[in-house]
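Visitor: Contents of target.pdb (PDB, C-alpha atoms):
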ATOM      1  CA  MET V   1      13.330  -1.156 -11.218
ATOM      2  CA  ALA V   2      16.386   0.095  -9.351
ATOM      3  CA  LEU V   3      17.174   2.378 -12.292
ATOM      4  CA  ILE V   4      13.675   3.862 -12.266
ATOM      5  CA  ARG V   5      13.922   4.371  -8.532
ATOM      6  CA  LYS V   6      17.254   6.102  -9.006
ATOM      7  CA  LEU V   7      15.886   8.367 -11.711
ATOM      8  CA  ILE V   8      12.932   9.340  -9.532
ATOM      9  CA  VAL V   9      15.188  10.177  -6.614
ATOM     10  CA  THR V  10      17.464  12.173  -8.896
ATOM     11  CA  GLY V  11      14.472  14.038 -10.310
ATOM     12  CA  VAL V  12      13.149  14.849  -6.848
ATOM     13  CA  ILE V  13      16.548  16.110  -5.762
ATOM     14  CA  ALA V  14      16.867  18.209  -8.908
ATOM     15  CA  ALA V  15      13.391  19.682  -8.444
ATOM     16  CA  ALA V  16      14.097  20.475  -4.816
ATOM     17  CA  ALA V  17      17.373  22.101  -5.787
ATOM     18  CA  ALA V  18      15.654  24.084  -8.519
ATOM     19  CA  GLY V  19      12.924  25.147  -6.107
ATOM     20  CA  ALA V  20      15.468  26.176  -3.492
ATOM     21  CA  GLY V  21      17.421  28.072  -6.129
ATOM     22  CA  PHE V  22      14.280  29.838  -7.297
ATOM     23  CA  GLN V  23      13.390  30.821  -3.735
ATOM     24  CA  TRP V  24      16.931  32.099  -3.207
ATOM     25  CA  TRP V  25      16.777  34.129  -6.442
ATOM     26  CA  SER V  26      13.423  35.705  -5.509
ATOM     27  CA  LYS V  27      14.889  37.060  -2.269
ATOM     28  CA  GLN V  28      18.149  38.480  -3.634
ATOM     29  CA  PRO V  29      18.543  42.228  -4.426
ATOM     30  CA  ILE V  30      18.131  42.949  -8.116
ATOM     31  CA  THR V  31      20.637  45.799  -7.874
ATOM     32  CA  PRO V  32      23.164  46.559  -5.105
ATOM     33  CA  ALA V  33      22.819  49.329  -2.527
ATOM     34  CA  SER V  34      25.139  51.584  -4.534
ATOM     35  CA  ALA V  35      23.096  51.321  -7.752
ATOM     36  CA  PRO V  36      21.037  54.261  -9.058
ATOM     37  CA  VAL V  37      17.243  54.303  -9.074
ATOM     38  CA  ILE V  38      15.864  52.932 -12.347
ATOM     39  CA  PRO V  39      12.568  54.448 -13.578
ATOM     40  CA  PHE V  40      10.231  52.297 -15.655
ATOM     41  CA  ALA V  41       6.599  52.173 -16.708
ATOM     42  CA  ILE V  42       4.039  49.428 -17.181
ATOM     43  CA  ALA V  43       1.559  50.158 -19.967
ATOM     44  CA  GLN V  44      -2.189  49.825 -19.545
ATOM     45  CA  GLY V  45      -3.504  46.357 -20.378
ATOM     46  CA  THR V  46      -0.103  44.678 -20.060
ATOM     47  CA  GLY V  47       0.127  41.072 -18.831
ATOM     48  CA  VAL V  48       2.915  39.710 -16.678
ATOM     49  CA  ALA V  49       5.079  38.680 -19.662
ATOM     50  CA  GLY V  50       4.716  42.122 -21.207
ATOM     51  CA  ALA V  51       5.417  43.802 -17.870
ATOM     52  CA  ALA V  52       8.588  41.775 -17.426
ATOM     53  CA  GLN V  53       9.692  42.695 -20.948
ATOM     54  CA  GLN V  54       8.920  46.408 -20.433
ATOM     55  CA  MET V  55      11.006  46.393 -17.253
ATOM     56  CA  SER V  56      13.871  44.691 -19.058
ATOM     57  CA  THR V  57      13.694  47.223 -21.903
ATOM     58  CA  ALA V  58      13.798  50.075 -19.365
ATOM     59  CA  GLY V  59      16.996  48.659 -17.875
ATOM     60  CA  VAL V  60      15.666  46.744 -14.893
ATOM     61  CA  PRO V  61      18.075  43.770 -14.665
ATOM     62  CA  VAL V  62      15.539  41.178 -13.570
ATOM     63  CA  ASN V  63      15.197  37.868 -15.430
ATOM     64  CA  PRO V  64      11.893  38.223 -17.382
ATOM     65  CA  PHE V  65      11.222  34.473 -17.443
ATOM     66  CA  LEU V  66      11.832  33.926 -13.731
ATOM     67  CA  PHE V  67       9.854  37.037 -12.836
ATOM     68  CA  GLY V  68       6.918  35.698 -14.839
ATOM     69  CA  VAL V  69       7.189  32.364 -13.029
ATOM     70  CA  LEU V  70       7.258  34.163  -9.675
ATOM     71  CA  ALA V  71       4.100  36.095 -10.540
ATOM     72  CA  ARG V  72       2.298  32.921 -11.609
ATOM     73  CA  VAL V  73       3.294  30.666  -8.693
ATOM     74  CA  THR V  74       2.262  33.362  -6.207
ATOM     75  CA  GLY V  75      -1.078  33.838  -7.959
ATOM     76  CA  LYS V  76      -0.407  37.513  -8.725
ATOM     77  CA  ALA V  77       0.100  37.405 -12.481
ATOM     78  CA  SER V  78      -3.267  39.060 -13.175
ATOM     79  CA  GLN V  79      -2.949  41.720 -10.451
ATOM     80  CA  ILE V  80      -0.160  43.891 -11.885
ATOM     81  CA  LYS V  81      -1.180  47.563 -12.160
ATOM     82  CA  ALA V  82      -0.169  49.898 -14.950
ATOM     83  CA  GLY V  83       1.718  53.053 -14.025
ATOM     84  CA  SER V  84       5.113  54.686 -13.484
ATOM     85  CA  TYR V  85       7.483  53.001 -11.046
ATOM     86  CA  GLU V  86      11.035  53.125  -9.764
ATOM     87  CA  LEU V  87      13.356  50.228  -8.971
ATOM     88  CA  LYS V  88      15.302  51.260  -5.889
ATOM     89  CA  PRO V  89      18.580  49.671  -4.753
ATOM     90  CA  ASP V  90      18.321  46.439  -2.743
ATOM     91  CA  THR V  91      14.838  45.653  -4.114
ATOM     92  CA  THR V  92      14.247  41.907  -4.468
ATOM     93  CA  PRO V  93      12.083  40.295  -7.175
ATOM     94  CA  ARG V  94       9.453  39.525  -4.530
ATOM     95  CA  ARG V  95       9.434  43.156  -3.368
ATOM     96  CA  LEU V  96       9.278  44.371  -6.967
ATOM     97  CA  LEU V  97       6.281  42.140  -7.645
ATOM     98  CA  SER V  98       4.608  43.515  -4.528
ATOM     99  CA  GLN V  99       5.175  47.077  -5.783
ATOM    100  CA  LEU V 100       3.478  46.271  -9.085
ATOM    101  CA  VAL V 101       0.553  44.512  -7.419
ATOM    102  CA  ARG V 102       0.013  47.220  -4.791
ATOM    103  CA  GLY V 103       0.432  50.038  -7.317
ATOM    104  CA  GLU V 104       3.270  51.706  -5.419
ATOM    105  CA  PHE V 105       3.855  54.260  -8.134
ATOM    106  CA  ALA V 106       6.863  56.551  -8.370
ATOM    107  CA  GLN V 107       5.984  59.655  -6.399
ATOM    108  CA  GLU V 108       6.514  63.282  -7.321
ATOM    109  CA  SER V 109       5.584  66.275  -5.207
ATOM    110  CA  LEU V 110       4.262  69.780  -5.771
ATOM    111  CA  THR V 111       4.215  72.442  -3.069
ATOM    112  CA  ILE V 112       1.536  75.136  -3.011
ATOM    113  CA  ILE V 113       2.650  78.056  -0.846
ATOM    114  CA  GLU V 114       0.498  79.762   1.804
ATOM    115  CA  GLY V 115      -0.501  83.215   0.638
ATOM    116  CA  TRP V 116      -0.293  82.436  -3.073
ATOM    117  CA  THR V 117      -3.162  83.580  -5.219
ATOM    118  CA  PHE V 118      -5.056  81.035  -7.276
ATOM    119  CA  ARG V 119      -3.351  82.446 -10.376
ATOM    120  CA  GLN V 120       0.045  81.634  -8.856
ATOM    121  CA  MET V 121      -1.163  78.130  -8.020
ATOM    122  CA  ARG V 122      -2.245  77.568 -11.616
ATOM    123  CA  GLN V 123       1.142  78.739 -12.862
ATOM    124  CA  ALA V 124       2.919  76.274 -10.540
ATOM    125  CA  VAL V 125       0.684  73.380 -11.578
ATOM    126  CA  ASP V 126       1.093  74.211 -15.265
ATOM    127  CA  ALA V 127       4.887  74.268 -14.837
ATOM    128  CA  ALA V 128       5.129  70.908 -13.017
ATOM    129  CA  PRO V 129       7.008  68.647 -15.471
ATOM    130  CA  ASN V 130       5.717  65.236 -14.390
ATOM    131  CA  LEU V 131       1.992  65.964 -14.434
ATOM    132  CA  LYS V 132      -0.351  65.277 -17.324
ATOM    133  CA  HIS V 133      -1.627  68.758 -18.128
ATOM    134  CA  GLU V 134      -5.349  68.500 -18.748
ATOM    135  CA  THR V 135      -6.474  71.808 -17.213
ATOM    136  CA  ALA V 136      -4.096  74.314 -18.791
ATOM    137  CA  LYS V 137      -6.646  75.466 -21.373
ATOM    138  CA  LEU V 138      -9.622  75.454 -19.014
ATOM    139  CA  SER V 139     -11.062  78.699 -17.702
ATOM    140  CA  ASP V 140     -11.263  79.152 -13.937
ATOM    141  CA  GLN V 141     -14.981  78.411 -14.079
ATOM    142  CA  GLU V 142     -14.457  75.256 -16.124
ATOM    143  CA  LEU V 143     -11.822  74.094 -13.667
ATOM    144  CA  LEU V 144     -14.172  74.712 -10.721
ATOM    145  CA  ALA V 145     -16.787  72.576 -12.426
ATOM    146  CA  LYS V 146     -14.245  69.779 -12.883
ATOM    147  CA  VAL V 147     -13.468  69.676  -9.146
ATOM    148  CA  ASP V 148     -17.154  69.963  -8.183
ATOM    149  CA  ALA V 149     -16.557  73.235  -6.336
ATOM    150  CA  ASP V 150     -19.885  74.938  -5.736
ATOM    151  CA  PHE V 151     -18.502  78.476  -5.717
ATOM    152  CA  LYS V 152     -18.462  81.335  -8.198
ATOM    153  CA  ALA V 153     -14.768  82.220  -7.815
ATOM    154  CA  PRO V 154     -11.764  79.919  -7.261
ATOM    155  CA  GLU V 155      -9.717  82.183  -5.013
ATOM    156  CA  GLY V 156      -9.035  80.716  -1.580
ATOM    157  CA  LEU V 157     -10.688  77.361  -2.279
ATOM    158  CA  PHE V 158      -7.463  75.302  -2.467
ATOM    159  CA  PHE V 159      -5.376  74.378   0.550
ATOM    160  CA  PRO V 160      -1.672  75.274   0.389
ATOM    161  CA  ASP V 161       0.369  72.150   1.113
ATOM    162  CA  THR V 162       2.764  69.651  -0.472
ATOM    163  CA  TYR V 163       0.911  67.140  -2.635
ATOM    164  CA  LEU V 164       2.259  63.773  -3.787
ATOM    165  CA  PHE V 165       1.312  62.312  -7.134
ATOM    166  CA  ALA V 166       2.360  59.502  -9.445
ATOM    167  CA  LYS V 167       4.388  60.491 -12.480
ATOM    168  CA  GLY V 168       2.036  61.141 -15.362
ATOM    169  CA  ALA V 169      -0.988  61.747 -13.125
ATOM    170  CA  SER V 170      -3.560  64.304 -14.264
ATOM    171  CA  ASP V 171      -3.029  67.802 -12.909
ATOM    172  CA  LEU V 172      -6.725  67.764 -12.087
ATOM    173  CA  SER V 173      -5.888  65.394  -9.230
ATOM    174  CA  ILE V 174      -3.869  68.167  -7.542
ATOM    175  CA  TYR V 175      -6.774  70.595  -7.715
ATOM    176  CA  LYS V 176      -9.187  67.975  -6.395
ATOM    177  CA  GLN V 177      -6.912  67.070  -3.486
ATOM    178  CA  ALA V 178      -6.274  70.711  -2.612
ATOM    179  CA  HIS V 179      -9.955  71.670  -2.776
ATOM    180  CA  GLU V 180     -11.070  68.705  -0.698
ATOM    181  CA  MET V 181      -8.408  69.494   1.886
ATOM    182  CA  MET V 182      -9.432  73.167   2.089
ATOM    183  CA  MET V 183     -13.080  72.223   2.583
ATOM    184  CA  LYS V 184     -12.050  69.754   5.290
ATOM    185  CA  ARG V 185      -9.832  72.282   7.081
ATOM    186  CA  LEU V 186     -12.420  75.044   6.808
ATOM    187  CA  LYS V 187     -15.165  72.797   8.165
ATOM    188  CA  ALA V 188     -13.003  71.806  11.127
ATOM    189  CA  ALA V 189     -12.137  75.416  11.924
ATOM    190  CA  TRP V 190     -15.752  76.562  11.528
ATOM    191  CA  GLU V 191     -17.032  73.885  13.892
ATOM    192  CA  LYS V 192     -14.600  75.121  16.578
ATOM    193  CA  ARG V 193     -15.291  78.824  15.973
ATOM    194  CA  ASP V 194     -15.745  81.290  18.793
ATOM    195  CA  PRO V 195     -19.293  82.491  19.424
ATOM    196  CA  GLY V 196     -20.375  85.936  18.272
ATOM    197  CA  LEU V 197     -18.115  86.257  15.227
ATOM    198  CA  PRO V 198     -19.358  88.647  12.521
ATOM    199  CA  TYR V 199     -19.500  85.958   9.802
ATOM    200  CA  THR V 200     -22.697  84.548   8.372
ATOM    201  CA  ASP V 201     -21.106  81.371   6.958
ATOM    202  CA  PRO V 202     -17.799  79.485   6.594
ATOM    203  CA  TYR V 203     -17.023  81.241   3.324
ATOM    204  CA  GLN V 204     -16.808  84.583   5.111
ATOM    205  CA  ALA V 205     -14.438  82.998   7.617
ATOM    206  CA  LEU V 206     -12.359  81.843   4.638
ATOM    207  CA  ILE V 207     -12.276  85.400   3.313
ATOM    208  CA  MET V 208     -11.095  86.666   6.704
ATOM    209  CA  ALA V 209      -8.435  83.954   6.846
ATOM    210  CA  SER V 210      -7.073  85.132   3.497
ATOM    211  CA  LEU V 211      -6.797  88.714   4.783
ATOM    212  CA  VAL V 212      -4.916  87.488   7.839
ATOM    213  CA  GLU V 213      -2.640  85.376   5.625
ATOM    214  CA  LYS V 214      -1.669  88.364   3.500
ATOM    215  CA  GLU V 215      -1.319  90.870   6.328
ATOM    216  CA  THR V 216       1.460  89.177   8.249
ATOM    217  CA  GLY V 217       4.195  86.628   7.901
ATOM    218  CA  GLN V 218       4.438  86.353  11.682
ATOM    219  CA  LYS V 219       2.534  83.273  12.785
ATOM    220  CA  SER V 220       2.383  84.575  16.354
ATOM    221  CA  GLU V 221       0.503  87.716  15.250
ATOM    222  CA  ARG V 222      -2.192  86.144  13.119
ATOM    223  CA  SER V 223      -4.767  85.853  15.886
ATOM    224  CA  MET V 224      -4.157  89.510  16.860
ATOM    225  CA  ILE V 225      -4.588  90.644  13.249
ATOM    226  CA  ALA V 226      -7.837  88.689  13.087
ATOM    227  CA  GLY V 227      -8.892  90.204  16.410
ATOM    228  CA  VAL V 228      -8.408  93.727  15.049
ATOM    229  CA  PHE V 229     -10.384  92.976  11.887
ATOM    230  CA  VAL V 230     -13.215  91.393  13.883
ATOM    231  CA  ASN V 231     -13.336  94.411  16.195
ATOM    232  CA  ARG V 232     -13.518  96.766  13.221
ATOM    233  CA  LEU V 233     -16.307  94.771  11.586
ATOM    234  CA  LYS V 234     -18.315  94.765  14.805
ATOM    235  CA  ALA V 235     -17.797  98.510  15.218
ATOM    236  CA  GLY V 236     -18.881  99.218  11.632
ATOM    237  CA  MET V 237     -15.431 100.523  10.717
ATOM    238  CA  LEU V 238     -13.770 100.065   7.336
ATOM    239  CA  LEU V 239     -11.168  97.301   7.364
ATOM    240  CA  GLN V 240      -8.661  99.464   5.449
ATOM    241  CA  THR V 241      -6.238  96.647   4.651
ATOM    242  CA  ASP V 242      -3.761  97.225   1.824
ATOM    243  CA  PRO V 243      -3.622  93.619   0.504
ATOM    244  CA  THR V 244      -7.250  93.860  -0.596
ATOM    245  CA  VAL V 245      -6.501  97.045  -2.518
ATOM    246  CA  ILE V 246      -3.532  95.359  -4.190
ATOM    247  CA  TYR V 247      -5.667  92.345  -5.114
ATOM    248  CA  GLY V 248      -8.309  94.628  -6.628
ATOM    249  CA  MET V 249      -5.654  96.393  -8.711
ATOM    250  CA  GLY V 250      -4.766  93.133 -10.453
ATOM    251  CA  ASN V 251      -2.064  93.534 -13.085
ATOM    252  CA  LYS V 252      -1.944  97.287 -12.472
ATOM    253  CA  TYR V 253      -0.039  96.715  -9.245
ATOM    254  CA  ASP V 254       3.662  97.493  -9.815
ATOM    255  CA  GLY V 255       4.985  96.781  -6.349
ATOM    256  CA  LYS V 256       3.941 100.125  -4.859
ATOM    257  CA  ILE V 257       0.625 101.276  -3.425
ATOM    258  CA  ARG V 258      -0.115 104.999  -3.648
ATOM    259  CA  LYS V 259      -2.685 107.326  -2.116
ATOM    260  CA  LYS V 260      -4.664 107.390  -5.362
ATOM    261  CA  ASP V 261      -4.839 103.583  -5.252
ATOM    262  CA  LEU V 262      -6.392 103.716  -1.795
ATOM    263  CA  GLU V 263      -8.979 106.182  -3.096
ATOM    264  CA  THR V 264      -9.821 104.300  -6.323
ATOM    265  CA  ASP V 265     -12.921 102.204  -5.741
ATOM    266  CA  THR V 266     -12.943  98.510  -6.653
ATOM    267  CA  PRO V 267     -14.967  95.638  -5.173
ATOM    268  CA  TYR V 268     -11.860  94.770  -3.126
ATOM    269  CA  ASN V 269     -10.952  98.239  -1.858
ATOM    270  CA  THR V 270     -11.611  98.074   1.884
ATOM    271  CA  TYR V 271     -10.784 101.781   2.167
ATOM    272  CA  THR V 272     -13.849 102.655   0.077
ATOM    273  CA  ARG V 273     -16.180  99.723   0.826
ATOM    274  CA  ALA V 274     -17.436  98.429   4.143
ATOM    275  CA  GLY V 275     -17.282  94.827   5.279
ATOM    276  CA  LEU V 276     -15.350  91.928   3.852
ATOM    277  CA  PRO V 277     -14.312  91.786   0.195
ATOM    278  CA  PRO V 278     -16.486  89.584  -2.060
ATOM    279  CA  THR V 279     -14.023  86.663  -2.195
ATOM    280  CA  PRO V 280     -10.802  85.563  -0.523
ATOM    281  CA  ILE V 281      -7.672  87.259  -1.834
ATOM    282  CA  ALA V 282      -5.248  84.341  -1.399
ATOM    283  CA  LEU V 283      -4.891  80.731  -0.299
ATOM    284  CA  PRO V 284      -4.829  80.748   3.520
ATOM    285  CA  GLY V 285      -3.050  78.128   5.573
ATOM    286  CA  VAL V 286      -4.324  76.270   8.620
ATOM    287  CA  GLN V 287      -3.032  78.858  11.098
ATOM    288  CA  SER V 288      -4.843  81.688   9.351
ATOM    289  CA  LEU V 289      -8.041  79.617   9.313
ATOM    290  CA  ALA V 290      -7.629  79.074  13.046
ATOM    291  CA  ALA V 291      -7.000  82.779  13.642
ATOM    292  CA  ALA V 292     -10.065  83.812  11.652
ATOM    293  CA  THR V 293     -12.353  81.488  13.609
ATOM    294  CA  ALA V 294     -10.712  81.965  17.026
ATOM    295  CA  PRO V 295      -9.257  85.491  16.989
ATOM    296  CA  ALA V 296      -7.408  87.028  19.908
ATOM    297  CA  LYS V 297      -9.513  88.754  22.558
ATOM    298  CA  THR V 298      -8.223  92.300  22.212
ATOM    299  CA  GLU V 299      -9.483  95.880  22.284
ATOM    300  CA  ALA V 300      -7.085  96.899  19.508
ATOM    301  CA  LEU V 301      -8.615  98.552  16.455
ATOM    302  CA  TYR V 302      -5.436  99.439  14.584
ATOM    303  CA  PHE V 303      -2.053  97.997  13.691
ATOM    304  CA  VAL V 304       0.949  99.224  11.756
ATOM    305  CA  SER V 305       4.093  97.465  10.580
ATOM    306  CA  ARG V 306       7.245  98.194  12.526
ATOM    307  CA  GLY V 307       9.274  97.457   9.416
ATOM    308  CA  ASP V 308      10.871  94.323  10.878
ATOM    309  CA  GLY V 309       8.033  91.909  10.134
ATOM    310  CA  THR V 310       6.162  92.614  13.358
ATOM    311  CA  SER V 311       3.252  94.970  14.053
ATOM    312  CA  HIS V 312       2.360  97.587  16.639
ATOM    313  CA  PHE V 313      -1.252  97.335  17.836
ATOM    314  CA  SER V 314      -3.250 100.304  19.092
ATOM    315  CA  VAL V 315      -6.642 100.683  20.783
ATOM    316  CA  ASN V 316      -7.370 104.213  19.538
ATOM    317  CA  LEU V 317      -6.586 106.477  16.607
ATOM    318  CA  SER V 318      -4.318 108.834  18.575
ATOM    319  CA  GLU V 319      -2.051 105.991  19.633
ATOM    320  CA  HIS V 320      -2.130 104.580  16.113
ATOM    321  CA  ASN V 321      -1.092 107.900  14.548
ATOM    322  CA  LYS V 322       1.866 108.097  16.912
ATOM    323  CA  ALA V 323       2.893 104.585  15.890
ATOM    324  CA  VAL V 324       2.565 105.458  12.197
ATOM    325  CA  ASN V 325       4.800 108.500  12.716
ATOM    326  CA  GLN V 326       7.304 106.413  14.602
ATOM    327  CA  TYR V 327       7.518 103.429  12.294
ATOM    328  CA  GLN V 328       6.445 104.642   8.868
ATOM    329  CA  ARG V 329       7.497 108.269   8.492
ATOM    330  CA  ASN V 330       9.110 107.513   5.164
ATOM    331  CA  GLN V 331       6.629 104.854   4.016
ATOM    332  CA  ALA V 332       3.421 106.842   3.589
ATOM    333  CA  PRO V 333       1.635 106.450   0.201
ATOM    334  CA  GLN V 334       2.494 109.157  -2.318
TER     335      GLN V 334
END
Starting from the file, lay out its structure as structure tokens.

Guide:
Amino acid sequence: MALIRKLIVTGVIAAAAAGAGFQWWSKQPITPASAPVIPFAIAQGTGVAGAAQQMSTAGVPVNPFLFGVLARVTGKASQIKAGSYELKPDTTPRRLLSQLVRGEFAQESLTIIEGWTFRQMRQAVDAAPNLKHETAKLSDQELLAKVDADFKAPEGLFFPDTYLFAKGASDLSIYKQAHEMMMKRLKAAWEKRDPGLPYTDPYQALIMASLVEKETGQKSERSMIAGVFVNRLKAGMLLQTDPTVIYGMGNKYDGKIRKKDLETDTPYNTYTRAGLPPTPIALPGVQSLAAATAPAKTEALYFVSRGDGTSHFSVNLSEHNKAVNQYQRNQAPQ
């Protein structure tokens, strides 16, 4: 009887020690602070044993058996999500399990630049190495259909920003995020718009925002540029903005714009056609959207580049011609 009692006590002590040891193990860093990040992936349909083995194969130095026990005793064995992950220094087994359960995938980023055309955006997406490229062979119209964009042309419909994505994610997710964000930003700007603007709908405001985006790199001047364009539209004047001509030239543009280019009619030539062009000409950022919907209150009808990134604004043609002579004597189209 005494022997049985002794064995029971010994067993209890051993179990307690094992439990304490297991708890200690689960809270210790798998790799030290100086260790490199270890990338690994969990395949679709993998159970906890398979996940532990896949991590071990990828070089994650966690005990597969103990990790499986941890997942089971915490009731999370069936909650592990497939995807690409990274083991960062100082991560404990408990934290690693939480990553797999929460789906904290390894993140990559892609930056879409304000003022890019949609063609430039597609080139950047196609070149991103860690995306799954499912749209590369789609036409622009097919891509629009995939993102549920109810527009005829893709230009201007995608918000320029930095987008995060899990390694191996579909490139379609970038387009969907960017389109949804542009629609959200445009809606917000439209709802705050000034009264009396010469736009019939938000899309026209988007077109104006793209003109503002391409006309200046100076954030402080965007509302003034928009103010000039709005004044010209209200007065029935041609917008006469070079970026629209360049956009209409397409691949024919060689870095220079000449007098004959200004005189050659295209749907985007605002020297030959009144009003706004038929579509945006670039991807406008939030400040250009704000400028288009809340332009500066100004009497200016003209502006010309000073050659230093800023513009000179004029209220009449005589003043404008003087400014052109002063700032662009040697820059007139040939």

Visitor: If you apply the PyMOL selection byres ((chain V and resi 243-247) around 8) to this file, what residues do you get, as number ranges by chain?

Guide: V: 211, 214-215, 241-242, 248-250, 253, 257, 261-262, 266, 268-271, 277, 281

Visitor: Run the PyMOL selection byres ((chain V and resi 33-48) around 12) against the file shown and list the residues it catches, as a ChimeraX atom specification.

Guide: /V:28-32,49-62,64-72,75-92,96-97,99-101,103-107,166-168

Visitor: May I have the residues within 12 Å of segment 188-203 of chain V as a PDB file with C-alpha atoms, keeping the file's coordinate frame, using all atoms listed in the file and disregarding those fewer than 4 positions away in the same chain?

Guide:
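Contents of the output file selection-v2.pdb:
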ATOM      1  CA  ASP V 150     -19.885  74.938  -5.736  1.00  0.00           C
ATOM      2  CA  PHE V 151     -18.502  78.476  -5.717  1.00  0.00           C
ATOM      3  CA  LYS V 152     -18.462  81.335  -8.198  1.00  0.00           C
ATOM      4  CA  ALA V 153     -14.768  82.220  -7.815  1.00  0.00           C
ATOM      5  CA  PRO V 154     -11.764  79.919  -7.261  1.00  0.00           C
ATOM      6  CA  GLU V 155      -9.717  82.183  -5.013  1.00  0.00           C
ATOM      7  CA  GLY V 156      -9.035  80.716  -1.580  1.00  0.00           C
ATOM      8  CA  LEU V 157     -10.688  77.361  -2.279  1.00  0.00           C
ATOM      9  CA  MET V 181      -8.408  69.494   1.886  1.00  0.00           C
ATOM     10  CA  MET V 182      -9.432  73.167   2.089  1.00  0.00           C
ATOM     11  CA  MET V 183     -13.080  72.223   2.583  1.00  0.00           C
ATOM     12  CA  LYS V 184     -12.050  69.754   5.290  1.00  0.00           C
ATOM     13  CA  ILE V 207     -12.276  85.400   3.313  1.00  0.00           C
ATOM     14  CA  MET V 208     -11.095  86.666   6.704  1.00  0.00           C
ATOM     15  CA  ALA V 209      -8.435  83.954   6.846  1.00  0.00           C
ATOM     16  CA  SER V 210      -7.073  85.132   3.497  1.00  0.00           C
ATOM     17  CA  ALA V 226      -7.837  88.689  13.087  1.00  0.00           C
ATOM     18  CA  GLY V 227      -8.892  90.204  16.410  1.00  0.00           C
ATOM     19  CA  PHE V 229     -10.384  92.976  11.887  1.00  0.00           C
ATOM     20  CA  VAL V 230     -13.215  91.393  13.883  1.00  0.00           C
ATOM     21  CA  ASN V 231     -13.336  94.411  16.195  1.00  0.00           C
ATOM     22  CA  ARG V 232     -13.518  96.766  13.221  1.00  0.00           C
ATOM     23  CA  LEU V 233     -16.307  94.771  11.586  1.00  0.00           C
ATOM     24  CA  LYS V 234     -18.315  94.765  14.805  1.00  0.00           C
ATOM     25  CA  ALA V 235     -17.797  98.510  15.218  1.00  0.00           C
ATOM     26  CA  GLY V 236     -18.881  99.218  11.632  1.00  0.00           C
ATOM     27  CA  GLY V 275     -17.282  94.827   5.279  1.00  0.00           C
ATOM     28  CA  LEU V 276     -15.350  91.928   3.852  1.00  0.00           C
ATOM     29  CA  PRO V 277     -14.312  91.786   0.195  1.00  0.00           C
ATOM     30  CA  PRO V 278     -16.486  89.584  -2.060  1.00  0.00           C
ATOM     31  CA  THR V 279     -14.023  86.663  -2.195  1.00  0.00           C
ATOM     32  CA  PRO V 280     -10.802  85.563  -0.523  1.00  0.00           C
ATOM     33  CA  GLY V 285      -3.050  78.128   5.573  1.00  0.00           C
ATOM     34  CA  VAL V 286      -4.324  76.270   8.620  1.00  0.00           C
ATOM     35  CA  GLN V 287      -3.032  78.858  11.098  1.00  0.00           C
ATOM     36  CA  SER V 288      -4.843  81.688   9.351  1.00  0.00           C
ATOM     37  CA  LEU V 289      -8.041  79.617   9.313  1.00  0.00           C
ATOM     38  CA  ALA V 290      -7.629  79.074  13.046  1.00  0.00           C
ATOM     39  CA  ALA V 291      -7.000  82.779  13.642  1.00  0.00           C
ATOM     40  CA  ALA V 292     -10.065  83.812  11.652  1.00  0.00           C
ATOM     41  CA  THR V 293     -12.353  81.488  13.609  1.00  0.00           C
ATOM     42  CA  ALA V 294     -10.712  81.965  17.026  1.00  0.00           C
ATOM     43  CA  PRO V 295      -9.257  85.491  16.989  1.00  0.00           C
ATOM     44  CA  ALA V 296      -7.408  87.028  19.908  1.00  0.00           C
ATOM     45  CA  LYS V 297      -9.513  88.754  22.558  1.00  0.00           C
TER      46      LYS V 297
END

Visitor: Report, as lines of an AutoDock Vina configuration file, the centre and edge lengths in Å (one decimal) of the axis-aligned box enclosing every listed atom of segment 281-298 of chain V, padded by 5 Å on each side.

Guide:
center_x = -7.7
center_y = 84.3
center_z = 10.4
size_x = 19.3
size_y = 26.0
size_z = 34.4

Visitor: Specify as a PyMOL selection string each residue included when the PyMOL selection byres ((chain V and resi 324) around 12) is applied to this file.

Guide: chain V and resi 302-307+311-314+317-323+325-332

Visitor: Quick check, in Å to one decimal: how far apart do atom CA of Leu172 of chain V and atom CA of Val212 of chain V lie?

Guide: 28.1 Å

Visitor: As an exercise, work out the distance from atom CA of Ser173 of chain V to atom CA of Asn130 of chain V in Å and give it to one decimal place.

Guide: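 So the two atoms, atom CA of Ser173 of chain V and atom CA of Asn130 of chain V, lie 12.7 Å apart.
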
Visitor: Which residue gives the smallest distance to Phe159 of chain V among V:Ser220, V:Asp265, V:Glu114, V:Glu213, with all atoms listed in the file counted?

Guide: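 Of the candidates, the smallest distance to Phe159 of chain V is held by V:Glu114.
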
Visitor: Find the distance between atom CA of Leu206 of chain V and atom CA of Arg258 of chain V and write it in Å to one decimal.

Guide: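 Calculated distance between atom CA of Leu206 of chain V and atom CA of Arg258 of chain V is 27.5 Å.
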
Visitor: Name the closest residue to Thr162 of chain V among the candidates V:Thr298, V:Ser109, V:Gln218, V:Ser139; distances are taken between atoms, counting only C-alpha atoms.

Guide: V:Ser109

Visitor: Which one of V:Asn251, V:Gln141, V:Asn316, V:Thr111 sits closest to Ala127 of chain V if you count all atoms listed in the file?

Guide: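 Among the listed residues, V:Thr111 lies closest to Ala127 of chain V.
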